[in-house]
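Trainee: Next comes target.csv, CSV, N, CA, C and O atoms:
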```
chain,number,residue,atom,x,y,z
A,1,MET,N,0.8,-1.2,0.0
A,1,MET,CA,0.0,0.0,0.0
A,1,MET,C,0.9,1.2,0.0
A,1,MET,O,1.9,1.3,0.7
A,2,ALA,N,0.5,2.2,-0.8
A,2,ALA,CA,1.3,3.5,-0.9
A,2,ALA,C,1.3,4.2,0.4
A,2,ALA,O,0.3,4.2,1.2
A,3,ILE,N,2.4,5.0,0.7
A,3,ILE,CA,2.5,5.8,1.8
A,3,ILE,C,2.9,7.2,1.4
A,3,ILE,O,3.5,7.4,0.4
A,4,VAL,N,2.6,8.2,2.3
A,4,VAL,CA,3.0,9.5,2.2
A,4,VAL,C,4.0,9.8,3.3
A,4,VAL,O,3.7,9.5,4.4
A,5,ALA,N,5.2,10.3,2.9
A,5,ALA,CA,6.2,10.7,3.9
A,5,ALA,C,6.4,12.2,3.9
A,5,ALA,O,6.7,12.7,2.8
A,6,ILE,N,6.2,12.8,5.0
A,6,ILE,CA,6.3,14.3,5.1
A,6,ILE,C,7.5,14.6,6.0
A,6,ILE,O,7.5,14.2,7.2
A,7,PHE,N,8.4,15.4,5.4
A,7,PHE,CA,9.5,15.9,6.2
A,7,PHE,C,9.4,17.4,6.4
A,7,PHE,O,9.3,18.1,5.4
A,8,GLU,N,9.3,17.9,7.6
A,8,GLU,CA,9.4,19.3,7.9
A,8,GLU,C,10.7,19.5,8.6
A,8,GLU,O,10.9,19.0,9.7
A,9,ILE,N,11.7,20.2,8.0
A,9,ILE,CA,13.0,20.2,8.5
A,9,ILE,C,13.4,21.6,8.8
A,9,ILE,O,13.9,22.4,7.9
A,10,PRO,N,13.3,22.0,10.0
A,10,PRO,CA,13.7,23.4,10.4
A,10,PRO,C,15.2,23.5,10.2
A,10,PRO,O,16.0,22.6,10.5
A,11,GLY,N,15.6,24.7,9.7
A,11,GLY,CA,17.0,25.0,9.6
A,11,GLY,C,17.6,24.5,8.3
A,11,GLY,O,18.7,24.9,7.9
A,12,MET,N,16.9,23.6,7.6
A,12,MET,CA,17.5,23.1,6.3
A,12,MET,C,17.5,24.3,5.3
A,12,MET,O,16.5,25.0,5.2
A,13,THR,N,18.5,24.4,4.5
A,13,THR,CA,18.6,25.5,3.5
A,13,THR,C,18.3,24.9,2.1
A,13,THR,O,18.4,23.7,1.9
A,14,ARG,N,18.1,25.8,1.2
A,14,ARG,CA,17.9,25.5,-0.2
A,14,ARG,C,19.2,24.8,-0.7
A,14,ARG,O,19.1,23.8,-1.4
A,15,ALA,N,20.3,25.3,-0.4
A,15,ALA,CA,21.6,24.7,-0.8
A,15,ALA,C,21.7,23.3,-0.3
A,15,ALA,O,22.2,22.4,-1.0
A,16,GLN,N,21.4,23.0,1.0
A,16,GLN,CA,21.4,21.7,1.5
A,16,GLN,C,20.5,20.7,0.8
A,16,GLN,O,20.8,19.6,0.5
A,17,TYR,N,19.3,21.2,0.5
A,17,TYR,CA,18.3,20.4,-0.2
A,17,TYR,C,18.8,20.1,-1.6
A,17,TYR,O,18.8,18.9,-2.0
A,18,GLU,N,19.3,21.1,-2.3
A,18,GLU,CA,19.8,20.8,-3.7
A,18,GLU,C,21.0,19.9,-3.7
A,18,GLU,O,21.1,19.0,-4.6
A,19,LYS,N,21.9,20.0,-2.7
A,19,LYS,CA,23.0,19.1,-2.7
A,19,LYS,C,22.6,17.7,-2.3
A,19,LYS,O,23.1,16.8,-2.9
A,20,SER,N,21.6,17.6,-1.5
A,20,SER,CA,21.1,16.2,-1.1
A,20,SER,C,20.5,15.6,-2.3
A,20,SER,O,20.7,14.4,-2.6
A,21,ALA,N,19.7,16.3,-3.1
A,21,ALA,CA,19.1,15.8,-4.3
A,21,ALA,C,20.2,15.4,-5.4
A,21,ALA,O,20.1,14.3,-6.0
A,22,GLU,N,21.2,16.2,-5.5
A,22,GLU,CA,22.3,15.8,-6.4
A,22,GLU,C,23.0,14.5,-6.0
A,22,GLU,O,23.4,13.7,-6.8
A,23,LYS,N,23.2,14.4,-4.6
A,23,LYS,CA,23.9,13.2,-4.1
A,23,LYS,C,23.1,12.0,-4.3
A,23,LYS,O,23.6,10.9,-4.7
A,24,VAL,N,21.7,12.1,-4.2
A,24,VAL,CA,20.9,10.9,-4.4
A,24,VAL,C,20.9,10.6,-5.9
A,24,VAL,O,21.0,9.4,-6.3
A,25,ALA,N,20.8,11.6,-6.7
A,25,ALA,CA,20.8,11.4,-8.2
A,25,ALA,C,22.1,10.9,-8.7
A,25,ALA,O,22.2,10.3,-9.8
A,26,GLY,N,23.2,11.2,-8.0
A,26,GLY,CA,24.5,10.9,-8.5
A,26,GLY,C,25.0,11.7,-9.6
A,26,GLY,O,25.9,11.3,-10.4
A,27,ARG,N,24.4,12.9,-9.7
A,27,ARG,CA,24.8,13.9,-10.8
A,27,ARG,C,24.4,15.3,-10.4
A,27,ARG,O,23.5,15.4,-9.6
A,28,PRO,N,25.0,16.3,-10.9
A,28,PRO,CA,24.6,17.7,-10.6
A,28,PRO,C,23.3,18.0,-11.4
A,28,PRO,O,22.9,17.4,-12.3
A,29,GLY,N,22.6,19.0,-10.9
A,29,GLY,CA,21.4,19.5,-11.5
A,29,GLY,C,20.2,19.1,-10.8
A,29,GLY,O,20.2,18.3,-9.9
A,30,PRO,N,19.1,19.8,-11.1
A,30,PRO,CA,17.8,19.5,-10.4
A,30,PRO,C,17.2,18.2,-10.8
A,30,PRO,O,17.4,17.6,-11.8
A,31,VAL,N,16.3,17.7,-9.9
A,31,VAL,CA,15.5,16.5,-10.1
A,31,VAL,C,14.3,17.0,-10.8
A,31,VAL,O,13.6,17.9,-10.3
A,32,LYS,N,13.9,16.4,-11.9
A,32,LYS,CA,12.8,16.8,-12.7
A,32,LYS,C,11.7,15.7,-12.8
A,32,LYS,O,10.6,16.0,-13.1
A,33,LYS,N,12.2,14.4,-12.7
A,33,LYS,CA,11.3,13.3,-12.8
A,33,LYS,C,11.7,12.2,-11.9
A,33,LYS,O,12.9,12.2,-11.5
A,34,THR,N,10.8,11.3,-11.5
A,34,THR,CA,11.2,10.2,-10.5
A,34,THR,C,12.4,9.4,-11.1
A,34,THR,O,13.2,8.9,-10.3
A,35,SER,N,12.5,9.2,-12.4
A,35,SER,CA,13.6,8.4,-12.9
A,35,SER,C,14.9,9.1,-12.8
A,35,SER,O,16.0,8.5,-13.0
A,36,ASP,N,15.0,10.4,-12.4
A,36,ASP,CA,16.2,11.1,-12.1
A,36,ASP,C,16.9,10.5,-10.9
A,36,ASP,O,18.1,10.8,-10.7
A,37,TRP,N,16.1,9.9,-10.0
A,37,TRP,CA,16.7,9.3,-8.8
A,37,TRP,C,16.7,7.8,-8.9
A,37,TRP,O,15.8,7.2,-9.3
A,38,PRO,N,17.9,7.2,-8.6
A,38,PRO,CA,18.0,5.8,-8.8
A,38,PRO,C,17.5,5.1,-7.5
A,38,PRO,O,18.2,4.3,-6.8
A,39,VAL,N,16.2,5.3,-7.2
A,39,VAL,CA,15.6,4.6,-6.1
A,39,VAL,C,14.3,4.0,-6.6
A,39,VAL,O,13.6,4.5,-7.5
A,40,SER,N,14.0,2.8,-6.1
A,40,SER,CA,12.8,2.1,-6.5
A,40,SER,C,11.6,2.4,-5.6
A,40,SER,O,11.8,2.5,-4.4
A,41,GLY,N,10.5,2.6,-6.3
A,41,GLY,CA,9.3,2.8,-5.5
A,41,GLY,C,8.8,4.2,-5.3
A,41,GLY,O,7.7,4.4,-4.7
A,42,LEU,N,9.6,5.2,-5.7
A,42,LEU,CA,9.1,6.6,-5.6
A,42,LEU,C,8.1,6.9,-6.6
A,42,LEU,O,8.2,6.7,-7.8
A,43,ILE,N,6.9,7.4,-6.1
A,43,ILE,CA,5.8,7.8,-7.0
A,43,ILE,C,5.9,9.3,-7.3
A,43,ILE,O,5.7,9.7,-8.4
A,44,SER,N,6.1,10.1,-6.2
A,44,SER,CA,6.2,11.5,-6.4
A,44,SER,C,7.1,12.2,-5.3
A,44,SER,O,7.2,11.6,-4.2
A,45,HIS,N,7.6,13.3,-5.7
A,45,HIS,CA,8.5,14.0,-4.7
A,45,HIS,C,8.2,15.5,-4.9
A,45,HIS,O,8.2,16.0,-6.1
A,46,THR,N,7.9,16.2,-3.8
A,46,THR,CA,7.7,17.6,-3.9
A,46,THR,C,8.5,18.3,-2.7
A,46,THR,O,8.5,17.7,-1.6
A,47,ALA,N,9.1,19.4,-3.0
A,47,ALA,CA,9.9,20.1,-2.0
A,47,ALA,C,9.6,21.6,-2.1
A,47,ALA,O,9.4,22.1,-3.2
A,48,ALA,N,9.6,22.3,-0.9
A,48,ALA,CA,9.4,23.7,-0.9
A,48,ALA,C,10.0,24.3,0.3
A,48,ALA,O,10.2,23.7,1.4
A,49,PRO,N,10.5,25.6,0.2
A,49,PRO,CA,11.0,26.3,1.4
A,49,PRO,C,9.8,26.6,2.3
A,49,PRO,O,8.7,26.8,1.9
A,50,THR,N,10.1,26.7,3.6
A,50,THR,CA,9.2,27.2,4.6
A,50,THR,C,9.8,28.4,5.3
A,50,THR,O,11.0,28.6,5.1
A,51,PRO,N,9.1,29.1,6.1
A,51,PRO,CA,9.7,30.2,6.8
A,51,PRO,C,10.9,29.9,7.6
A,51,PRO,O,11.7,30.7,7.8
A,52,ASP,N,11.0,28.6,8.1
A,52,ASP,CA,12.1,28.3,9.0
A,52,ASP,C,12.9,27.1,8.5
A,52,ASP,O,13.7,26.6,9.2
A,53,GLY,N,12.7,26.7,7.2
A,53,GLY,CA,13.5,25.5,6.8
A,53,GLY,C,13.0,25.0,5.5
A,53,GLY,O,12.8,25.7,4.5
A,54,TRP,N,12.7,23.7,5.4
A,54,TRP,CA,12.4,23.0,4.2
A,54,TRP,C,11.3,22.0,4.4
A,54,TRP,O,11.3,21.3,5.5
A,55,LEU,N,10.4,21.8,3.4
A,55,LEU,CA,9.4,20.8,3.5
A,55,LEU,C,9.5,19.9,2.3
A,55,LEU,O,9.8,20.3,1.2
A,56,VAL,N,9.5,18.5,2.6
A,56,VAL,CA,9.5,17.5,1.5
A,56,VAL,C,8.3,16.6,1.7
A,56,VAL,O,8.1,16.1,2.8
A,57,VAL,N,7.6,16.4,0.6
A,57,VAL,CA,6.5,15.4,0.7
A,57,VAL,C,6.7,14.4,-0.5
A,57,VAL,O,6.8,14.8,-1.6
A,58,ASP,N,6.9,13.2,0.0
A,58,ASP,CA,7.1,12.1,-1.0
A,58,ASP,C,5.9,11.1,-0.9
A,58,ASP,O,5.3,10.9,0.2
A,59,VAL,N,5.6,10.5,-2.0
A,59,VAL,CA,4.7,9.3,-2.1
A,59,VAL,C,5.5,8.1,-2.6
A,59,VAL,O,6.2,8.2,-3.6
A,60,TRP,N,5.4,7.0,-1.8
A,60,TRP,CA,6.1,5.8,-2.1
A,60,TRP,C,5.1,4.7,-2.3
A,60,TRP,O,4.1,4.6,-1.7
A,61,GLU,N,5.5,3.7,-3.2
A,61,GLU,CA,4.7,2.5,-3.4
A,61,GLU,C,4.4,1.7,-2.2
A,61,GLU,O,3.4,1.1,-2.0
A,62,SER,N,5.4,1.8,-1.2
A,62,SER,CA,5.2,1.0,0.0
A,62,SER,C,6.1,1.6,1.1
A,62,SER,O,7.1,2.3,0.8
A,63,GLU,N,5.8,1.2,2.3
A,63,GLU,CA,6.7,1.6,3.4
A,63,GLU,C,8.1,1.0,3.3
A,63,GLU,O,9.1,1.6,3.6
A,64,GLU,N,8.1,-0.2,2.8
A,64,GLU,CA,9.4,-0.9,2.6
A,64,GLU,C,10.3,-0.2,1.6
A,64,GLU,O,11.5,0.0,1.8
A,65,ALA,N,9.7,0.3,0.5
A,65,ALA,CA,10.5,1.1,-0.5
A,65,ALA,C,11.0,2.4,0.2
A,65,ALA,O,12.2,2.7,0.0
A,66,PHE,N,10.2,3.0,1.0
A,66,PHE,CA,10.6,4.2,1.7
A,66,PHE,C,11.8,3.9,2.7
A,66,PHE,O,12.8,4.6,2.7
A,67,GLN,N,11.6,2.8,3.4
A,67,GLN,CA,12.7,2.4,4.4
A,67,GLN,C,14.0,2.1,3.6
A,67,GLN,O,15.1,2.5,4.1
A,68,GLU,N,13.9,1.5,2.5
A,68,GLU,CA,15.1,1.2,1.7
A,68,GLU,C,15.8,2.5,1.3
A,68,GLU,O,17.0,2.7,1.3
A,69,PHE,N,15.0,3.5,0.9
A,69,PHE,CA,15.5,4.8,0.5
A,69,PHE,C,16.2,5.5,1.7
A,69,PHE,O,17.2,6.2,1.5
A,70,GLY,N,15.7,5.3,2.9
A,70,GLY,CA,16.2,5.9,4.1
A,70,GLY,C,17.7,5.5,4.2
A,70,GLY,O,18.5,6.3,4.7
A,71,LYS,N,18.1,4.3,3.8
A,71,LYS,CA,19.5,3.9,3.8
A,71,LYS,C,20.4,4.7,3.0
A,71,LYS,O,21.6,4.8,3.2
A,72,THR,N,19.8,5.4,2.0
A,72,THR,CA,20.5,6.3,1.1
A,72,THR,C,20.5,7.7,1.6
A,72,THR,O,21.5,8.4,1.8
A,73,ILE,N,19.3,8.2,1.9
A,73,ILE,CA,19.1,9.6,2.2
A,73,ILE,C,19.6,10.0,3.6
A,73,ILE,O,20.2,11.1,3.8
A,74,LEU,N,19.4,9.2,4.6
A,74,LEU,CA,19.8,9.6,6.0
A,74,LEU,C,21.3,9.9,6.1
A,74,LEU,O,21.7,10.9,6.7
A,75,PRO,N,22.2,9.0,5.6
A,75,PRO,CA,23.6,9.3,5.6
A,75,PRO,C,24.0,10.6,4.9
A,75,PRO,O,24.9,11.4,5.3
A,76,ILE,N,23.3,10.9,3.8
A,76,ILE,CA,23.5,12.1,3.0
A,76,ILE,C,23.2,13.3,3.8
A,76,ILE,O,23.9,14.3,3.9
A,77,LEU,N,22.0,13.3,4.4
A,77,LEU,CA,21.5,14.4,5.3
A,77,LEU,C,22.5,14.6,6.4
A,77,LEU,O,22.8,15.8,6.7
A,78,GLU,N,22.9,13.6,7.0
A,78,GLU,CA,23.9,13.7,8.1
A,78,GLU,C,25.2,14.3,7.6
A,78,GLU,O,25.7,15.2,8.3
A,79,GLU,N,25.7,13.9,6.5
A,79,GLU,CA,26.9,14.4,5.9
A,79,GLU,C,26.8,15.9,5.7
A,79,GLU,O,27.7,16.7,5.8
A,80,LEU,N,25.6,16.4,5.3
A,80,LEU,CA,25.4,17.8,5.0
A,80,LEU,C,25.0,18.6,6.2
A,80,LEU,O,24.8,19.8,6.1
A,81,GLY,N,25.0,18.0,7.4
A,81,GLY,CA,24.7,18.7,8.6
A,81,GLY,C,23.2,19.0,8.8
A,81,GLY,O,22.9,19.9,9.6
A,82,VAL,N,22.3,18.3,8.1
A,82,VAL,CA,20.9,18.5,8.3
A,82,VAL,C,20.5,17.7,9.5
A,82,VAL,O,20.7,16.5,9.6
A,83,GLN,N,19.8,18.3,10.4
A,83,GLN,CA,19.3,17.6,11.6
A,83,GLN,C,17.8,17.7,11.7
A,83,GLN,O,17.2,18.6,11.1
A,84,GLY,N,17.2,16.8,12.4
A,84,GLY,CA,15.8,16.8,12.6
A,84,GLY,C,14.9,16.3,11.4
A,84,GLY,O,13.8,16.7,11.3
A,85,ALA,N,15.5,15.5,10.6
A,85,ALA,CA,14.8,14.9,9.4
A,85,ALA,C,14.0,13.7,9.8
A,85,ALA,O,14.4,12.6,9.4
A,86,GLN,N,13.0,13.8,10.6
A,86,GLN,CA,12.2,12.7,11.0
A,86,GLN,C,10.8,12.8,10.3
A,86,GLN,O,10.1,13.7,10.6
A,87,PRO,N,10.5,11.9,9.4
A,87,PRO,CA,9.3,12.0,8.6
A,87,PRO,C,8.1,11.6,9.4
A,87,PRO,O,8.2,10.8,10.3
A,88,LYS,N,7.0,12.1,9.0
A,88,LYS,CA,5.6,11.6,9.5
A,88,LYS,C,5.2,10.8,8.3
A,88,LYS,O,5.2,11.2,7.2
A,89,ILE,N,4.7,9.6,8.6
A,89,ILE,CA,4.3,8.6,7.6
A,89,ILE,C,2.8,8.4,7.7
A,89,ILE,O,2.3,8.1,8.8
A,90,TYR,N,2.1,8.4,6.6
A,90,TYR,CA,0.7,8.2,6.5
A,90,TYR,C,0.4,7.2,5.4
A,90,TYR,O,1.0,7.2,4.4
A,91,GLN,N,-0.6,6.3,5.7
A,91,GLN,CA,-1.0,5.4,4.6
A,91,GLN,C,-1.8,6.2,3.6
A,91,GLN,O,-2.7,7.0,4.0
A,92,ALA,N,-1.5,6.1,2.3
A,92,ALA,CA,-2.2,6.9,1.3
A,92,ALA,C,-3.6,6.3,1.1
A,92,ALA,O,-3.8,5.1,1.0
A,93,HIS,N,-4.6,7.2,1.0
A,93,HIS,CA,-5.9,6.8,0.7
A,93,HIS,C,-6.1,6.8,-0.8
A,93,HIS,O,-6.7,5.9,-1.4
A,94,THR,N,-5.6,7.9,-1.5
A,94,THR,CA,-5.8,8.1,-2.9
A,94,THR,C,-4.5,8.6,-3.5
A,94,THR,O,-3.9,9.5,-2.9
A,95,VAL,N,-4.0,8.0,-4.6
A,95,VAL,CA,-2.9,8.5,-5.3
A,95,VAL,C,-3.3,8.7,-6.7
A,95,VAL,O,-3.7,7.7,-7.4
A,96,VAL,N,-3.2,9.9,-7.3
A,96,VAL,CA,-3.5,10.2,-8.7
A,96,VAL,C,-2.2,10.5,-9.4
A,96,VAL,O,-1.5,11.3,-9.0
A,97,THR,N,-2.0,9.8,-10.5
A,97,THR,CA,-0.8,10.0,-11.3
A,97,THR,C,-1.3,10.2,-12.8
A,97,THR,O,-2.4,9.8,-13.1
A,98,PRO,N,-0.4,10.9,-13.6
A,98,PRO,CA,-0.8,11.1,-15.0
A,98,PRO,C,-1.0,9.8,-15.8
A,98,PRO,O,-0.5,8.8,-15.5
```
Please lay out the structure from this file as structure tokens.

Mentor:
Amino acid sequence: MAIVAIFEIPGMTRAQYEKSAEKVAGRPGPVKKTSDWPVSGLISHTAAPTPDGWLVVDVWESEEAFQEFGKTILPILEELGVQGAQPKIYQAHTVVTP
């Protein structure tokens, strides 16, 4: 069952977000489609600045896929000095894709 993972990360900067996306993708430049990231199970990824940090909302095919991605992203965030990246996880009721 699909899940929604919401990260609200106080103190995270745009530069830290962009660097983390580049490290996940394994190349420089912005992420424009799910295939830009070599991770299995990602349905959608949305990120936005907040008044005090950064917001990321992902939809994953399953909690297992998200947990597997955690093995990639958590060390990257730690390396970049990002703290407090604890997601809230919700079971998706509806997922609409093109």

Trainee: Select from region 16-65 of chain A every residue with an atom at most 4.5 Å from any atom of region 2-11 of chain A, then for each give the shortest pair of atoms and their distance in Å to one decimal, using all atoms listed in the file, rows by chain and rising number, as a Markdown table.

Mentor:
```
| residue | atom | partner | partner_atom | distance |
| --- | --- | --- | --- | --- |
| A:Asp52 | O | A:Gly11 | N | 2.7 |
| A:Gly53 | CA | A:Ile9 | O | 3.3 |
| A:Trp54 | O | A:Ile9 | N | 2.8 |
| A:Leu55 | CA | A:Phe7 | O | 3.3 |
| A:Val56 | O | A:Phe7 | N | 2.7 |
| A:Val57 | CA | A:Ala5 | O | 3.4 |
| A:Asp58 | O | A:Ala5 | N | 2.8 |
| A:Val59 | CA | A:Ile3 | O | 3.4 |
| A:Trp60 | N | A:Ile3 | O | 2.9 |
| A:Glu61 | O | A:Ala2 | N | 3.3 |
| A:Ser62 | N | A:Ala2 | CA | 4.4 |
```

Trainee: Just give me the gap between atom O of Leu80 (chain A) and CA of Lys23 (chain A) in Å, one decimal is fine.

Mentor: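 So the two atoms, atom O of Leu80 (chain A) and CA of Lys23 (chain A), lie 12.2 Å apart.
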
Trainee: Extract the full set of alpha helix (DSSP H) residues from chain A according to DSSP on the backbone, and format it as a list of chain:residue names.

Mentor: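 Reading the DSSP output for chain A, alpha helix (DSSP H) covers A:Arg14, A:Ala15, A:Gln16, A:Tyr17, A:Glu18, A:Lys19, A:Ser20, A:Ala21, A:Glu22, A:Lys23, A:Val24, A:Ala25, A:Glu63, A:Glu64, A:Ala65, A:Phe66, A:Gln67, A:Glu68, A:Phe69, A:Gly70, A:Lys71, A:Thr72, A:Ile73, A:Leu74, A:Pro75, A:Ile76, A:Leu77, A:Glu78, A:Glu79.
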
Trainee: Just the residues within 7 Å of Phe69 (chain A), please, counting all atoms listed in the file, with nothing from its chain fewer than 6 positions along; format it as a list in words.

Mentor: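 Here the answer would be Val39, Ser40 and Glu63 of chain A.
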
Trainee: Got time to write the residues from that selection, N, CA, C and O atoms, as a PDB file, in the coordinates of the input?

Mentor:
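Wrote part_11.pdb, looks like this:
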```
ATOM      1  N   VAL A  39      16.200   5.300  -7.200  1.00  0.00           N
ATOM      2  CA  VAL A  39      15.600   4.600  -6.100  1.00  0.00           C
ATOM      3  C   VAL A  39      14.300   4.000  -6.600  1.00  0.00           C
ATOM      4  O   VAL A  39      13.600   4.500  -7.500  1.00  0.00           O
ATOM      5  N   SER A  40      14.000   2.800  -6.100  1.00  0.00           N
ATOM      6  CA  SER A  40      12.800   2.100  -6.500  1.00  0.00           C
ATOM      7  C   SER A  40      11.600   2.400  -5.600  1.00  0.00           C
ATOM      8  O   SER A  40      11.800   2.500  -4.400  1.00  0.00           O
ATOM      9  N   GLU A  63       5.800   1.200   2.300  1.00  0.00           N
ATOM     10  CA  GLU A  63       6.700   1.600   3.400  1.00  0.00           C
ATOM     11  C   GLU A  63       8.100   1.000   3.300  1.00  0.00           C
ATOM     12  O   GLU A  63       9.100   1.600   3.600  1.00  0.00           O
TER      13      GLU A  63
END
```

Trainee: Nearest to Gln16 (chain A) among A:Ile43, A:Ile76, A:Thr94, A:Phe66, with distances taken over only N, CA, C and O atoms: which residue is it?

Mentor: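 Nearest to Gln16 (chain A): A:Ile76.
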
Trainee: Between CA of Gly70 (chain A) and CA of Met12 (chain A), what distance in Å does the model show, to one decimal?

Mentor: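 Here the two named atoms are 17.4 Å from each other.
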
Trainee: Kindly indicate which residue among A:Ala47, A:Ala21, A:Leu42, A:Met1 lies nearest to His93 (chain A), using only C-alpha atoms for the distances.

Mentor: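 Under the stated criterion, the closest residue is A:Met1.
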
Trainee: Between atom O of Glu68 (chain A) and CA of Gly41 (chain A), what is the spacing in Å?

Mentor: 10.3 Å

Trainee: When distances are computed from only C-alpha atoms, which of A:Ile89, A:Val24, A:Ser44, A:Tyr17 shows the smallest separation from Lys71 (chain A)?

Mentor: A:Val24

Trainee: Residues proximal to (11.0, 14.3, -7.9) were defined as those with any atom within 6 Å of that point in the file's coordinates, counting all atoms listed in the file. Which are they, as an MDAnalysis selection string?

Mentor: chainID A and resid 31:34 44:46

Trainee: For Leu77 (chain A), which residue out of A:Ser20, A:Thr97, A:Ser35, A:Gln91 is the nearest one, using all atoms listed in the file?

Mentor: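 Residue with the minimum atom-to-atom distance to Leu77 (chain A): A:Ser20.
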
Trainee: Between A:Pro75, A:Pro87, A:Pro98, A:Gly26, which has the minimum distance to Pro38 (chain A) (counting all atoms listed in the file)?

Mentor: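 Going through A:Pro75, A:Pro87, A:Pro98, A:Gly26 one by one, the smallest distance to Pro38 (chain A) is for A:Gly26.
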